[in-house]
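Colleague: My structure file start38.txt, compact mmCIF, C-alpha atoms and all ligand atoms, is below:
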# COMPACT_ATOMS: atom_id res chain seq x y z
CA MET A 1 -13.95 85.18 138.13
CA LYS A 2 -12.85 88.85 138.29
CA LEU A 3 -13.52 89.18 134.58
CA LEU A 4 -17.06 87.85 135.07
CA GLU A 5 -17.97 90.44 137.71
CA GLY A 6 -21.29 92.11 136.94
CA ARG A 7 -22.32 89.31 134.59
CA THR A 8 -25.27 86.94 135.08
CA GLY A 9 -26.97 84.08 133.24
CA CYS A 10 -25.76 80.87 131.66
CA LEU A 11 -22.11 79.95 131.60
CA ALA A 12 -20.38 77.21 129.62
CA ASP A 13 -16.94 76.08 130.71
CA LEU A 14 -15.31 74.39 127.70
CA GLY A 15 -13.17 71.62 129.14
CA SER A 16 -14.21 71.84 132.77
CA GLY A 17 -11.58 69.47 134.17
CA ASP A 18 -12.04 68.99 137.91
CA GLY A 19 -14.83 71.57 137.87
CA ARG A 20 -13.06 74.35 139.74
CA LEU A 21 -14.29 77.13 137.49
CA VAL A 22 -17.84 75.79 137.38
CA PHE A 23 -17.94 75.64 141.19
CA ALA A 24 -16.65 79.20 141.52
CA ALA A 25 -19.07 80.52 138.89
CA SER A 26 -22.06 78.68 140.34
CA SER A 27 -21.29 80.20 143.77
CA ALA A 28 -21.38 83.59 142.05
CA GLY A 29 -24.90 82.86 140.76
CA PHE A 30 -24.33 81.61 137.22
CA GLN A 31 -26.22 78.60 135.81
CA CYS A 32 -23.21 76.59 134.73
CA THR A 33 -22.53 73.72 132.39
CA GLY A 34 -19.11 72.11 132.37
CA PHE A 35 -18.26 70.25 129.16
CA GLU A 36 -15.68 67.53 129.71
CA ILE A 37 -14.63 64.46 127.72
CA ASN A 38 -12.33 62.95 130.34
CA SER A 39 -14.48 60.46 132.29
CA ILE A 40 -12.31 60.51 135.41
CA LEU A 41 -12.39 64.30 135.71
CA LEU A 42 -16.11 64.25 134.99
CA ALA A 43 -16.74 61.70 137.77
CA TYR A 44 -14.61 63.76 140.17
CA ALA A 45 -16.53 66.96 139.43
CA ARG A 46 -19.93 65.26 139.66
CA THR A 47 -19.01 63.61 142.95
CA LYS A 48 -17.74 66.88 144.36
CA ALA A 49 -20.98 68.61 143.32
CA ARG A 50 -23.02 65.92 145.09
CA TRP A 51 -20.91 65.97 148.27
CA THR A 52 -20.86 69.72 148.52
CA GLY A 53 -24.59 69.99 147.82
CA VAL A 54 -24.39 72.03 144.63
CA PRO A 55 -27.78 71.64 142.92
CA SER A 56 -27.86 70.59 139.25
CA SER A 57 -29.81 73.77 138.48
CA GLN A 58 -26.59 75.66 139.28
CA ALA A 59 -23.89 73.30 138.03
CA THR A 60 -24.12 70.44 135.57
CA PHE A 61 -21.22 68.44 134.23
CA VAL A 62 -21.81 66.81 130.87
CA LYS A 63 -19.73 64.27 128.98
CA LYS A 64 -19.89 66.08 125.68
CA ASP A 65 -17.42 67.25 123.09
CA PHE A 66 -18.02 71.00 123.03
CA TRP A 67 -16.96 71.13 119.35
CA LYS A 68 -20.09 69.11 118.59
CA THR A 69 -22.38 71.17 120.80
CA ASP A 70 -24.45 74.22 119.91
CA LEU A 71 -23.36 76.91 122.38
CA SER A 72 -25.91 79.54 121.34
CA LYS A 73 -27.76 79.56 124.68
CA TYR A 74 -24.69 80.65 126.65
CA ASN A 75 -24.04 84.33 127.30
CA ASN A 76 -20.84 83.56 129.23
CA VAL A 77 -18.16 81.16 128.04
CA THR A 78 -14.87 80.26 129.67
CA ALA A 79 -12.07 78.25 128.08
CA PHE A 80 -8.69 77.05 129.29
CA LEU A 81 -7.59 74.84 126.42
CA ALA A 82 -4.53 74.85 124.17
CA PRO A 83 -3.01 77.47 121.83
CA GLY A 84 -3.76 75.39 118.72
CA ALA A 85 -7.49 75.28 119.54
CA MET A 86 -8.08 79.00 119.79
CA GLU A 87 -8.42 79.97 116.13
CA ALA A 88 -11.02 77.28 115.39
CA LEU A 89 -12.80 78.07 118.65
CA ALA A 90 -12.96 81.75 117.70
CA GLU A 91 -14.74 80.82 114.49
CA LYS A 92 -17.23 78.56 116.28
CA LEU A 93 -18.03 81.11 119.00
CA LEU A 94 -18.50 83.94 116.49
CA LYS A 95 -21.01 81.80 114.62
CA GLU A 96 -22.98 80.65 117.65
CA LEU A 97 -22.87 83.07 120.59
CA PRO A 98 -25.39 85.87 121.15
CA ASP A 99 -24.21 89.47 120.75
CA ASP A 100 -24.26 90.07 124.50
CA ALA A 101 -21.89 87.18 125.24
CA LEU A 102 -18.65 87.52 127.15
CA VAL A 103 -15.86 85.02 126.51
CA VAL A 104 -13.02 84.48 128.97
CA ALA A 105 -9.85 82.77 127.75
CA CYS A 106 -7.35 81.50 130.30
CA ARG A 107 -3.62 81.40 129.48
CA PHE A 108 -4.15 81.18 125.70
CA PRO A 109 -5.77 84.22 124.04
CA PHE A 110 -7.71 84.30 120.79
CA PRO A 111 -5.14 85.24 118.12
CA ASN A 112 -7.10 87.94 116.27
CA TRP A 113 -9.70 89.20 118.69
CA PRO A 114 -9.53 92.61 120.41
CA HIS A 115 -9.89 92.02 124.15
CA GLN A 116 -12.02 94.04 126.53
CA SER A 117 -9.85 93.49 129.62
CA THR A 118 -7.26 91.19 131.14
CA VAL A 119 -6.23 90.10 134.60
CA GLY A 120 -3.13 88.30 135.85
CA SER A 121 0.20 87.85 134.16
CA GLY A 122 2.41 85.13 132.75
CA LEU A 123 0.82 81.70 132.92
CA ASP A 124 -2.09 83.12 134.92
CA LYS A 125 -3.04 85.75 132.35
CA THR A 126 -6.71 85.76 131.38
CA TRP A 127 -8.51 87.74 128.66
CA ALA A 128 -12.14 88.83 128.40
CA TYR A 129 -13.80 89.44 125.03
CA ASN A 130 -17.10 91.08 124.29
CA ILE A 131 -18.59 89.24 121.31
CA LYS A 132 -20.39 92.31 119.97
CA SER A 133 -17.11 94.28 119.91
CA VAL A 134 -15.26 91.38 118.30
CA ARG A 135 -17.93 91.19 115.57
CA LYS A 136 -17.69 94.96 115.02
CA SER A 137 -13.91 94.71 114.63
CA LYS A 138 -14.41 92.21 111.79
CA ASP A 139 -16.85 94.45 109.80
C1 LIG A 201 -6.34 72.71 130.52
S1 LIG A 201 -7.67 71.71 131.11
C2 LIG A 201 -8.64 72.93 131.97
C3 LIG A 201 -9.43 72.36 133.11
C4 LIG A 201 -10.24 73.36 133.95
N1 LIG A 201 -11.16 74.16 133.13
C5 LIG A 201 -9.35 74.28 134.76
O1 LIG A 201 -9.45 75.51 134.56
O2 LIG A 201 -8.61 73.81 135.62
C6 LIG A 201 -8.59 71.41 129.60
C7 LIG A 201 -9.69 70.39 129.73
O3 LIG A 201 -10.43 70.37 128.51
C8 LIG A 201 -10.90 69.06 128.28
N2 LIG A 201 -11.25 68.99 126.85
C9 LIG A 201 -10.40 69.07 125.80
N3 LIG A 201 -11.08 69.00 124.63
C10 LIG A 201 -12.38 68.87 124.95
C11 LIG A 201 -13.59 68.75 124.16
N4 LIG A 201 -13.53 68.77 122.83
N5 LIG A 201 -14.77 68.66 124.81
C12 LIG A 201 -14.82 68.67 126.18
N6 LIG A 201 -13.71 68.76 126.96
C13 LIG A 201 -12.51 68.86 126.37
C14 LIG A 201 -9.70 68.20 128.71
O4 LIG A 201 -10.08 66.87 128.97
C15 LIG A 201 -9.22 68.94 129.94
O5 LIG A 201 -9.79 68.46 131.12
Would you mind writing the file out in structure tokens?
Ligand SMILES: C[S@@+](CC[C@H](N)C(=O)[O-])C[C@H]1O[C@@H](n2cnc3c(N)ncnc32)[C@H](O)[C@@H]1O

Modeller:
Amino acid sequence: MKLLEGRTGCLADLGSGDGRLVFAASSAGFQCTGFEINSILLAYARTKARWTGVPSSQATFVKKDFWKTDLSKYNNVTAFLAPGAMEALAEKLLKELPDDALVVACRFPFPNWPHQSTVGSGLDKTWAYNIKSVRKSKD
């Protein structure tokens, strides 16, 4: 959440798990969508949203494979996935995201992207990437 300070708009959490990041980001004012393929985690997050009174305009949890989803409407993307996914994800995000997008990668960085900032260390290290700067670095 520190890396998202000063940001606003739509946020996609790719693999939202129990929803913790979506709940934190929606409290900070983002319109969040959590993509999750695990039905149990999805049910947990949806139930928690209902019980804690988080409106669907602020946080929605969808049972969708993010690889098969167009992410072009999101100007903030967070991902805590696996090292082997990051190269393919980099390619997808570079194709789809708007120039003003910020991408936050938890624990596993994008292999060939210059980062804008980081927080934490070790297993808790998190990287932020500005898509416009990443695109420029590839020119
Ligand atoms: C390491 S967990 C992160 C959970 C949560 N974001 C967190 O920070 O605690 C990764 C999650 O991604 C989900 N996931 C993996 N591939 C996915 C896909 N293609 N589409 C949607 N969710 C996916 C997994 O089911 C898992 O819950």

Colleague: Give me the box for ligand LIG 201 (chain A) as JSON, namely the centre and edge lengths in Å to one decimal of a box along x, y and z that holds every listed atom plus 3 Å on each side.

Modeller:
{"center_x": -10.6, "center_y": 71.2, "center_z": 129.2, "size_x": 14.5, "size_y": 14.6, "size_z": 18.8}

Colleague: How would you write, as a PyMOL selection string, the set of residues no farther than 9 Å from ligand LIG 201 (chain A) when counting only C-alpha atoms and all ligand atoms?

Modeller: chain A and resi 13-22+34-39+41-42+62-69+78-82+85+106

Colleague: If you measure from CA of Asn76 in chain A to CA of Lys125 in chain A, what distance in Å do you get, rounded to one decimal?

Modeller: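 Between CA of Asn76 in chain A and CA of Lys125 in chain A the gap works out to 18.2 Å.
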
Colleague: What is the distance between CA of Val134 in chain A and CA of Gln31 in chain A, in Å to one decimal?

Modeller: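 That distance, rounded to one decimal, is 24.3 Å.
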
Colleague: Counting all atoms listed in the file, note down every residue that has an atom within 7 Å of the point (-7.6, 93.1, 128.3) (file coordinates), as a PyMOL selection string.

Modeller: chain A and resi 115-118+127-128

Colleague: For Val77 in chain A, please output as a list in words all residues within 6 Å (counting only C-alpha atoms; exclusion window: fewer than 4 positions along the same chain).

Modeller: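 The residues satisfying every condition are Leu11, Ala12, Asp13 and Val103 of chain A.
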
Colleague: Could you tell me how far CA of Leu102 in chain A lies from CA of Thr8 in chain A, in Å and to one decimal?

Modeller: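 Distance between the two atoms: 10.3 Å.
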
Colleague: With all atoms listed in the file as the atoms that count, which of A:Ala59, A:Met86, A:Ala101, A:Cys10 lies nearest to Trp113 in chain A?

Modeller: A:Met86

Colleague: Within 7 Å of range 49-58 of chain A, counting all atoms listed in the file, which residues qualify if same-chain residues fewer than 3 places away don't, as a ChimeraX atom specification?

Modeller: /A:26,30-32,45-46

Colleague: Applying 9 Å and all atoms listed in the file, which residues near Leu93 in chain A remain after dropping the ones on its own chain fewer than 6 positions away? List them as an MDAnalysis selection string.

Modeller: chainID A and resid 71:72 103 131

Colleague: List as a VMD selection string the protein and nucleic acid residues near Phe110 in chain A, meaning an atom at most 8 Å away when all atoms listed in the file are counted, but skip any in the same chain fewer than 2 places from it.

Modeller: chain A and resid 86 to 87 90 105 108 112 to 113

Colleague: Name the closest residue to Ala24 in chain A among the candidates A:Ala88, A:Gly122, A:Arg7, A:Met1; distances are taken between atoms, counting all atoms listed in the file.

Modeller: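 Smallest separation from Ala24 in chain A among the options: A:Met1.
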
Colleague: Ranking A:Glu91, A:Pro98, A:Gly29, A:Phe61 by minimum distance to Tyr74 in chain A and counting all atoms listed in the file, which one comes first?

Modeller: A:Pro98
